[in-house]
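Q: Encoded as C-alpha cells, here's the structure I'll be asking about.
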Amino acid sequence: MTETASLTVPLEDILSCFEGIIPSTICTVGEDGMPNITYLSVVHRIGPRHIALSRQFFKKTDENTLVNPRAQLGVWEPDTWRRFKLDVVYDRTETEGPLFERMRTSLDAVAAFEGMENVFKLKGVDICRVVECTMVPCDFPDGKARPVIRLEQVEEIARRITGAADLDDLFHAVLNGAAELLDYRHGFIMLVDESGERLYTVASTGFASSGAGSEVRIGDGLVGVAAERRQSIRLTHFTLDRMYSQAVREADAPAAASAMERAIPVPALASLESQLITPMLAHRKLVGMLCFQSEVVGRFQAADECAVAIVASQLAMAMSGFESPVAPAPPAAPAAEERAVQVKHYTEDDSLFLDNEYLIKGVAGSILWRLLNQYQQEARVDFNNKEIRLDQTLDLPDIKDNLEARLILLRKRLEDRCDFIRIEKTARGRFRLAVTRPLVLVQVAGGGPV
Amino acid sequence: MYVIGDELKDFLESGVACHIGTASNEGKPEMVAGWGPRVLDDRQSLAIFVEPPRAAATLANLRATGRVAIVFADPVSYRSVQLKGRWRGVGPVAEGDPDWVQRHRDGFIANVLLVGDPANGNRNVYMRDIVRLEVAVDQAFDQTPGPEAGRPL
C-alpha cells in the first residue's frame with residue numbers, strides 16, 4: 001500500500017480505540033531483527049494519518065525506532081472488542097508545544113492523584129505516521145454506532161444559560177441541563193477563590209453528598225492540575241489508571257504520603273470510572289472548573305470534551321454578567337424555643353463551628369458570622385447582597401460575582417450540615433436568614449482546629 | 001537458553017493477555033494474540049496457540065526469520081513479562097489442547113471484566129480454530145510498567 005492511498009480502515013471510524021479504555025500494544029524491531037512488544041496505556045489520534053504516543057518507560061522501543069522506524073500498534077475497540085492493527089512509521093519526537101502540554105497535563109493529573117509526581121514524567125511525545133490500518137479478522141466484524149452529541153443539545157444548554165436569572169439559576173441551568181440533555185448525571189462546579197490559589201465547590205448534582213464548600217488547592221490532584229494548566233482532563237478507565245499506577249509504584253518505591261485530609265470531601269462517585277474536568281475561562285482568566293463523573297468506562301470521549309468546553313466557556317462568560325440590585329425584604333420568621341446552639345468563630349481564618357462541628361471558613365464564614373451577629377443584636381433577618389458587598393469589615397475582594405457565589409456555597413453548606421439555620425433567597429439580590437433555634441455566639445482569637 | 005521457574009510458569013499459564021511479535025526479513029513488525037501458553041517439560045520452551053485467520057503474516061515471518069517475542073501481561077496487576085526466543089515449529093493440536101486454550105481464554109476474560117473493561121462485545125476476543133506453535137525461550141524480561149521495565153530476569 002502506498003502512503004498516499006487511503007487507509008483500509010480510516011482512523012476516524014474507530015475513534016473509541018484512541019481513548020485509552022483498553023491498553024494497546026506496540027511492536028518494534030531491533031537491529032538484530034528481534035521483535036519487541038510493549039504495552040501502552042493510550043494511543044492518541046492527532047489527525048487522519050497521524051498518532052501520538054507518550055514516551056515514559058520505552059527503553060527497547062526507543063532503541064529500536066532509532067534503527068528501524070517501523071512499528072505496529074494493536075488497538076481494541078471497547079464496545080465491540082474488534083482489534084485493529086496500525087502499521088506506523090516513527091516521524092519525530094516533540095518535547096514542547098500544545099500537544100505535549102496536553103498529554104503532560106493528563107499524565108501529571110493522574111500522577112498527582114496517585115502521589116507519584118516523581119515517577120510519571122512525560123519525556124516526549126512520539127509522532128508516528130500511519131501507513132495502514134486494518135481490522136483483525138473476527139466473528140462479528142460489524143461496528144456499533146455510538147450515541148452522538150447533537151449541536152441542538154449544546155444549543156439548548158446555551159439557551160438555558162442565557163435565560164438564567166442569577167448565579168444560582170445559572171449553575172442549575174448548566175448541571176441540570178447537562179444531566180437532562182447530555183445524560184451527564186453527576187457534575188459539580190468549583191470556583192476560584194479570592195486568593196486565586198484554591199477552588200471551592202459551589203454547586204453539584206447527582207452525588208450522595210453535595211460537597212459544597214470542599215476545597216482543592218490549584219496544582220493539587222486531578223482538578224487542581226487541570227486548573228493550573230487551564231487544560232481539560234479526560235479519564236476513561238479510572239480502575240485501569242489506578243492499577244497502572246500501582247504497578248509502577250510497586251516497581252519503584254513505597255507510596256507517597258496520602259493527600260492532606262480535607263474537612264469536606266470533594267464530590268466523587270464511589271465507583272468512579274470516567275471523569276471530564278474542564279476549565280471555565282472568561283476574559284483570559286480562570287473562573288472555575290466544570291467537572292463531570294460517571295461510573296461507566298469510556299463515558300466521556302472526544303466529542304464530550306468539545307461539548308463541555310463550549311458549555312464551560314459559556315458558563316464562565318455568563319457569570320461575569322450578574323449584578324445584584326437592592327430591593328425591600330418581607331418580614332422575618334421567629335426562632336423556635338429549643339436548646340441553644342453554640343456558634344464558634346475563629347478570627348484568624350474565619351472558620352465557624354456549630355456545637356464544635358466544622359461548618360465553613362474563609363469569606364463564607366465571615367459573611368455568616370456577620371449575619372448571625374446582626375440577627376442576634378438587631379433581630380435582623382432580611383439582608384441584601386449590596387450591603388454585604390459594601391461591608392468593609394468583610395474584606396471582600398473586588399470580584400463581581402464572588403459574593404453571590406459565596407452565598408450559594410453558604411446556603412448549600414448550611415443545608416448539608418444543619419436544619420436550624422437557612423439562607424433563603426427572597427428576590428433577586430435579597431435573602432433571608434431563617435434561624436429556628438437559639439444561638440450562642442462565641443468569638444475565639446486565632447485559627448480554627450481544621 | 002532460559003529456564004522458566006515455578007513461579008514464572010504459574011504466571012505465564014494464568015489468565016494473562018498474550019501477544020506474539022515477529023518481523024519480516026525486511027524488518028516489518030507483526031503482532032497476533034496468543035492463547036493457552038503452556039510451559040513444556042524441559043522448562044526452556046513453551047507451546048502457544050494462534051488462530052489461523054489472524055496469524056498468516058506471523059506464520060510467514062516465523063518461517064522466514066524464526067525470531068519471536070511474546071509478552072504476557074496480567075490485566076489486573078499490570079505485571080508483564082516478555083520472553084524472546086526462536087520458533088521451533090508448528091505442532092499438531094493434541095487432544096487436551098482445546099480445553100487448555102479455553103481455560104486460558106476464560107481466565108483472561110474474567111480478568112478483564114474484573115478491571116471493568118466493557119463486557120458487551122467480548123465475543124470478538126478470540127476465534128475457535130487454533131494452531132499450535134512451539135518456541136524455545138532464550139531470554140526473559142520484566143516488562144511491568146515503571147522505571148525497571150526492560151530489566152532482564
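Simple scheme: letters A, B, ... for chains in C-alpha cells order, numbers from 1 for residues in each chain, numbers from 1 for ligands in the order shown.
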Extract, using only C-alpha atoms, all DNA, RNA and protein residues at most 10 Å from A:Gln231, discarding same-chain residues fewer than 3 positions from it, and format them as an mmCIF file with all heavy atoms, in the first residue's frame.
A:
data_model
loop_
_atom_site.group_PDB
_atom_site.id
_atom_site.type_symbol
_atom_site.label_atom_id
_atom_site.label_comp_id
_atom_site.auth_asym_id
_atom_site.auth_seq_id
_atom_site.Cartn_x
_atom_site.Cartn_y
_atom_site.Cartn_z
ATOM 1 N N GLU A 101 1.984 19.563 25.918
ATOM 2 C CA GLU A 101 1.429 20.111 27.161
ATOM 3 C C GLU A 101 0.132 19.408 27.539
ATOM 4 O O GLU A 101 -0.126 19.138 28.710
ATOM 5 C CB GLU A 101 1.187 21.616 27.020
ATOM 6 C CG GLU A 101 2.452 22.438 27.052
ATOM 7 C CD GLU A 101 3.280 22.203 28.312
ATOM 8 O OE1 GLU A 101 2.692 22.082 29.405
ATOM 9 O OE2 GLU A 101 4.515 22.108 28.203
ATOM 10 N N ARG A 102 -0.669 19.126 26.536
ATOM 11 C CA ARG A 102 -1.951 18.482 26.789
ATOM 12 C C ARG A 102 -1.733 17.057 27.340
ATOM 13 O O ARG A 102 -2.369 16.666 28.317
ATOM 14 C CB ARG A 102 -2.732 18.426 25.473
ATOM 15 C CG ARG A 102 -4.126 17.961 25.599
ATOM 16 C CD ARG A 102 -4.793 18.020 24.220
ATOM 17 N NE ARG A 102 -5.891 17.091 24.181
ATOM 18 C CZ ARG A 102 -7.035 17.292 24.801
ATOM 19 N NH1 ARG A 102 -7.222 18.389 25.493
ATOM 20 N NH2 ARG A 102 -8.002 16.407 24.745
ATOM 21 N N MET A 103 -0.832 16.328 26.739
ATOM 22 C CA MET A 103 -0.573 14.970 27.212
ATOM 23 C C MET A 103 0.131 14.995 28.563
ATOM 24 O O MET A 103 -0.115 14.159 29.424
ATOM 25 C CB MET A 103 0.247 14.194 26.170
ATOM 26 C CG MET A 103 -0.604 13.843 24.951
ATOM 27 S SD MET A 103 0.308 13.136 23.569
ATOM 28 C CE MET A 103 0.794 11.555 24.210
ATOM 29 N N THR A 105 -0.321 17.220 30.876
ATOM 30 C CA THR A 105 -1.323 17.550 31.892
ATOM 31 C C THR A 105 -2.088 16.305 32.319
ATOM 32 O O THR A 105 -2.300 16.076 33.517
ATOM 33 C CB THR A 105 -2.296 18.614 31.348
ATOM 34 O OG1 THR A 105 -1.558 19.790 31.053
ATOM 35 C CG2 THR A 105 -3.379 18.946 32.370
ATOM 36 N N SER A 106 -2.513 15.493 31.351
ATOM 37 C CA SER A 106 -3.252 14.271 31.687
ATOM 38 C C SER A 106 -2.403 13.360 32.558
ATOM 39 O O SER A 106 -2.867 12.821 33.568
ATOM 40 C CB SER A 106 -3.644 13.513 30.412
ATOM 41 O OG SER A 106 -4.649 14.205 29.757
ATOM 42 N N VAL A 223 -8.239 17.820 39.589
ATOM 43 C CA VAL A 223 -8.874 19.103 39.283
ATOM 44 C C VAL A 223 -7.857 20.227 39.408
ATOM 45 O O VAL A 223 -7.806 21.147 38.578
ATOM 46 C CB VAL A 223 -10.081 19.345 40.213
ATOM 47 C CG1 VAL A 223 -10.761 20.665 39.863
ATOM 48 C CG2 VAL A 223 -11.091 18.205 40.099
ATOM 49 N N VAL A 225 -4.560 20.191 39.060
ATOM 50 C CA VAL A 225 -3.577 20.231 37.959
ATOM 51 C C VAL A 225 -4.224 20.785 36.691
ATOM 52 O O VAL A 225 -3.655 21.617 35.985
ATOM 53 C CB VAL A 225 -2.979 18.829 37.704
ATOM 54 C CG1 VAL A 225 -2.177 18.798 36.407
ATOM 55 C CG2 VAL A 225 -2.084 18.426 38.862
ATOM 56 N N ALA A 226 -5.455 20.323 36.416
ATOM 57 C CA ALA A 226 -6.163 20.824 35.223
ATOM 58 C C ALA A 226 -6.369 22.331 35.328
ATOM 59 O O ALA A 226 -6.228 23.064 34.341
ATOM 60 C CB ALA A 226 -7.505 20.105 35.077
ATOM 61 N N ALA A 227 -6.676 22.805 36.539
ATOM 62 C CA ALA A 227 -6.883 24.245 36.735
ATOM 63 C C ALA A 227 -5.586 25.010 36.529
ATOM 64 O O ALA A 227 -5.550 26.048 35.863
ATOM 65 C CB ALA A 227 -7.433 24.496 38.140
ATOM 66 N N GLU A 228 -4.516 24.486 37.093
ATOM 67 C CA GLU A 228 -3.222 25.166 36.976
ATOM 68 C C GLU A 228 -2.789 25.311 35.519
ATOM 69 O O GLU A 228 -2.284 26.344 35.099
ATOM 70 C CB GLU A 228 -2.169 24.370 37.738
ATOM 71 C CG GLU A 228 -0.814 25.036 37.801
ATOM 72 C CD GLU A 228 0.151 24.213 38.638
ATOM 73 O OE1 GLU A 228 0.372 23.023 38.319
ATOM 74 O OE2 GLU A 228 0.654 24.744 39.628
ATOM 75 N N ARG A 234 -9.439 14.287 30.635
ATOM 76 C CA ARG A 234 -10.489 13.290 30.424
ATOM 77 C C ARG A 234 -9.917 11.930 30.788
ATOM 78 O O ARG A 234 -8.940 11.491 30.206
ATOM 79 C CB ARG A 234 -10.921 13.322 28.956
ATOM 80 C CG ARG A 234 -12.089 12.467 28.611
ATOM 81 C CD ARG A 234 -12.759 13.018 27.363
ATOM 82 N NE ARG A 234 -11.814 13.359 26.325
ATOM 83 C CZ ARG A 234 -11.343 12.485 25.427
ATOM 84 N NH1 ARG A 234 -11.733 11.234 25.450
ATOM 85 N NH2 ARG A 234 -10.498 12.870 24.495
ATOM 86 N N ILE A 277 -12.904 16.909 33.254
ATOM 87 C CA ILE A 277 -12.625 18.101 34.050
ATOM 88 C C ILE A 277 -12.270 19.211 33.078
ATOM 89 O O ILE A 277 -11.319 19.072 32.302
ATOM 90 C CB ILE A 277 -11.452 17.833 35.009
ATOM 91 C CG1 ILE A 277 -11.808 16.678 35.963
ATOM 92 C CG2 ILE A 277 -11.071 19.074 35.784
ATOM 93 C CD1 ILE A 277 -10.606 16.105 36.682
ATOM 94 N N THR A 278 -13.025 20.305 33.119
ATOM 95 C CA THR A 278 -12.882 21.328 32.082
ATOM 96 C C THR A 278 -12.721 22.712 32.710
ATOM 97 O O THR A 278 -13.512 23.086 33.582
ATOM 98 C CB THR A 278 -14.137 21.331 31.182
ATOM 99 O OG1 THR A 278 -14.368 19.994 30.737
ATOM 100 C CG2 THR A 278 -13.953 22.232 29.982
ATOM 101 N N PRO A 279 -11.705 23.457 32.304
ATOM 102 C CA PRO A 279 -11.553 24.810 32.854
ATOM 103 C C PRO A 279 -12.634 25.751 32.343
ATOM 104 O O PRO A 279 -13.037 25.672 31.178
ATOM 105 C CB PRO A 279 -10.170 25.240 32.349
ATOM 106 C CG PRO A 279 -9.888 24.394 31.170
ATOM 107 C CD PRO A 279 -10.654 23.120 31.335
ATOM 108 N N MET A 280 -13.099 26.622 33.224
ATOM 109 C CA MET A 280 -14.063 27.671 32.851
ATOM 110 C C MET A 280 -13.251 28.956 32.684
ATOM 111 O O MET A 280 -12.766 29.516 33.667
ATOM 112 C CB MET A 280 -15.108 27.836 33.960
ATOM 113 C CG MET A 280 -15.986 26.620 34.155
ATOM 114 S SD MET A 280 -16.753 26.512 35.805
ATOM 115 C CE MET A 280 -17.431 28.138 36.021
ATOM 116 N N MET A 289 -13.861 25.447 37.509
ATOM 117 C CA MET A 289 -13.747 24.176 36.794
ATOM 118 C C MET A 289 -15.120 23.511 36.758
ATOM 119 O O MET A 289 -15.829 23.472 37.767
ATOM 120 C CB MET A 289 -12.752 23.240 37.491
ATOM 121 C CG MET A 289 -11.345 23.797 37.644
ATOM 122 S SD MET A 289 -10.486 24.117 36.088
ATOM 123 C CE MET A 289 -10.162 22.458 35.513
ATOM 124 N N ALA A 309 -16.448 21.848 26.823
ATOM 125 C CA ALA A 309 -15.604 23.051 26.716
ATOM 126 C C ALA A 309 -16.446 24.254 26.297
ATOM 127 O O ALA A 309 -16.271 25.363 26.812
ATOM 128 C CB ALA A 309 -14.474 22.811 25.720
#
Q: When the cut-off is 9 Å and we count only C-alpha atoms, which residues of chain B are near chain A, given as a PDB file with C-alpha atoms, in the first residue's frame?
A:
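The resulting selection28.pdb:
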ATOM      1  CA  HIS B  19       0.783 -11.054  22.299  1.00  0.00           C
ATOM      2  CA  ILE B  20       3.251 -12.609  19.910  1.00  0.00           C
ATOM      3  CA  GLY B  21       5.601 -10.356  17.969  1.00  0.00           C
ATOM      4  CA  THR B  22       7.502 -11.277  14.831  1.00  0.00           C
ATOM      5  CA  ALA B  23       9.154  -9.413  11.972  1.00  0.00           C
ATOM      6  CA  SER B  24       9.666  -9.989   8.298  1.00  0.00           C
ATOM      7  CA  ASN B  25      13.127 -10.181   6.755  1.00  0.00           C
ATOM      8  CA  GLU B  26      12.621  -6.546   5.753  1.00  0.00           C
ATOM      9  CA  GLY B  27      12.020  -5.544   9.398  1.00  0.00           C
ATOM     10  CA  LYS B  28       8.253  -5.073   9.227  1.00  0.00           C
ATOM     11  CA  PRO B  29       6.783  -5.906  12.650  1.00  0.00           C
ATOM     12  CA  GLU B  30       3.657  -8.007  13.144  1.00  0.00           C
ATOM     13  CA  MET B  31       1.616  -8.882  16.221  1.00  0.00           C
ATOM     14  CA  VAL B  32      -1.003 -11.503  16.901  1.00  0.00           C
ATOM     15  CA  PRO B  53      -7.298 -16.401  10.121  1.00  0.00           C
ATOM     16  CA  ARG B  54      -5.344 -13.921  12.232  1.00  0.00           C
ATOM     17  CA  THR B  65      13.297 -15.474  10.467  1.00  0.00           C
ATOM     18  CA  ARG B  67      12.673 -14.814  15.795  1.00  0.00           C
ATOM     19  CA  VAL B  68       9.819 -14.336  18.199  1.00  0.00           C
ATOM     20  CA  ALA B  69       8.911 -12.226  21.228  1.00  0.00           C
ATOM     21  CA  ILE B  70       5.902 -12.945  23.435  1.00  0.00           C
ATOM     22  CA  VAL B  71       4.619 -10.539  26.056  1.00  0.00           C
ATOM     23  CA  ALA B  73       0.513  -9.159  30.919  1.00  0.00           C
ATOM     24  CA  PRO B  75      -4.765  -7.231  33.234  1.00  0.00           C
ATOM     25  CA  VAL B  76      -5.332  -6.815  36.960  1.00  0.00           C
ATOM     26  CA  SER B  77      -1.848  -6.228  38.364  1.00  0.00           C
ATOM     27  CA  TYR B  78      -0.186  -4.982  35.153  1.00  0.00           C
ATOM     28  CA  ARG B  79       2.694  -7.356  35.872  1.00  0.00           C
ATOM     29  CA  SER B  80       4.233  -8.062  32.481  1.00  0.00           C
ATOM     30  CA  GLN B  82       8.420 -10.660  27.795  1.00  0.00           C
ATOM     31  CA  LYS B  84      12.269 -13.807  23.479  1.00  0.00           C
ATOM     32  CA  GLY B  85      13.428 -16.834  21.578  1.00  0.00           C
ATOM     33  CA  VAL B 115     -10.892  -4.348  35.942  1.00  0.00           C
ATOM     34  CA  GLY B 116     -14.105  -3.082  34.407  1.00  0.00           C
ATOM     35  CA  ASP B 117     -13.377  -3.495  30.707  1.00  0.00           C
ATOM     36  CA  PRO B 118     -16.596  -3.387  28.679  1.00  0.00           C
ATOM     37  CA  ALA B 119     -18.130  -6.858  28.657  1.00  0.00           C
ATOM     38  CA  ASN B 120     -20.721  -6.489  25.947  1.00  0.00           C
ATOM     39  CA  GLY B 121     -18.614  -7.321  22.917  1.00  0.00           C
ATOM     40  CA  ASN B 122     -16.001  -9.718  24.176  1.00  0.00           C
ATOM     41  CA  ARG B 123     -17.267 -12.473  21.890  1.00  0.00           C
ATOM     42  CA  ASN B 124     -14.816 -10.975  19.373  1.00  0.00           C
ATOM     43  CA  VAL B 125     -11.787 -11.537  21.577  1.00  0.00           C
ATOM     44  CA  TYR B 126     -10.980 -14.950  20.174  1.00  0.00           C
ATOM     45  CA  MET B 127     -11.855 -17.345  17.325  1.00  0.00           C
ATOM     46  CA  GLN B 143       8.063  -5.643  31.313  1.00  0.00           C
ATOM     47  CA  THR B 144       5.958  -4.251  34.173  1.00  0.00           C
ATOM     48  CA  PRO B 145       5.425  -0.501  33.606  1.00  0.00           C
ATOM     49  CA  GLY B 146       7.872   1.618  35.554  1.00  0.00           C
ATOM     50  CA  PRO B 147      11.499   2.662  35.662  1.00  0.00           C
ATOM     51  CA  GLU B 148      12.599  -1.007  35.780  1.00  0.00           C
ATOM     52  CA  ALA B 149      10.730  -2.019  32.619  1.00  0.00           C
ATOM     53  CA  GLY B 150      13.045  -3.984  30.351  1.00  0.00           C
TER      54      GLY B 150
END
Q: Which of stretch 162-389 of chain A counts as strand (DSSP E) under DSSP, as a VMD selection string please?
A: chain A and resid 186 to 192 198 to 205 215 to 217 233 to 235 274 to 282 285 to 294 341 to 346 351 to 354 357 to 360 382 to 384
Q: Could you name the residues that touch A:Asp419 at 12 Å or less, counting only C-alpha atoms, but leaving out those on the same chain fewer than 4 positions away, as a list in words?
A: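 Near A:Asp419, the qualifying residues are Val341, Leu354, Arg411, Lys412, Arg413, Leu414, Glu415, Ile423, Ala434, Val435, Thr436 and Arg437 of chain A.
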Q: Could you pull the residues within 12 Å of A:Trp369, counting only C-alpha atoms, minus those fewer than 5 positions along the same chain, as a list in words?
A: Val343, Lys344, His345, Tyr346, Thr347, Asp350, Ser351, Leu352, Phe353, Leu354, Leu359, Ile360, Lys361, Gly362, Val363, Ala364, Gln374, Tyr375, Gln376, Ile388, Thr393, Leu394, Leu410, Leu433, Leu439, Val440, Leu441, Val442 and Gln443 of chain A
Q: I want to know what sits within 8 Å of A:Gln275, based on only C-alpha atoms, with residues of the same chain fewer than 4 positions away left out; could you give that as an NGL selection string?
A: :A and (233-236 or 291-294 or 300)
Q: Name the residues of stretch 114-318 of chain A that come out as alpha helix (DSSP H) in a backbone DSSP run; write them as number ranges by chain.
A: A: 114, 151-162, 167-182, 221-229, 238-252, 302-318
Q: Pick out the residues sitting within 6 Å of B:Phe72, and hand them over as a PyMOL selection string; count only C-alpha atoms, and ignore anything fewer than 2 positions along from it in its own chain.
A: chain B and resi 16-18+80-81
Q: Counting only C-alpha atoms, figure out which residue out of A:Ala173, A:Val9, A:Asp108, A:Lys123 gets nearest to A:Glu96.
A: A:Lys123
Q: Just the number, please: distance in Å from atom CA of B:Arg151 to atom CA of A:Ser54, one decimal.
A: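 So the two atoms, atom CA of B:Arg151 and atom CA of A:Ser54, lie 20.3 Å apart.
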Q: Residues at most 7 Å from stretch 131-135 of chain B, counting only C-alpha atoms, excluding those fewer than 4 positions away in the same chain, as a ChimeraX atom specification?
A: /B:45-52,85-93
Q: Measure the distance from atom CA of A:Glu132 to atom CA of B:Ala57 in Å and round it to one decimal.
A: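 Atom-to-atom, atom CA of A:Glu132 to atom CA of B:Ala57, that is 14.7 Å.
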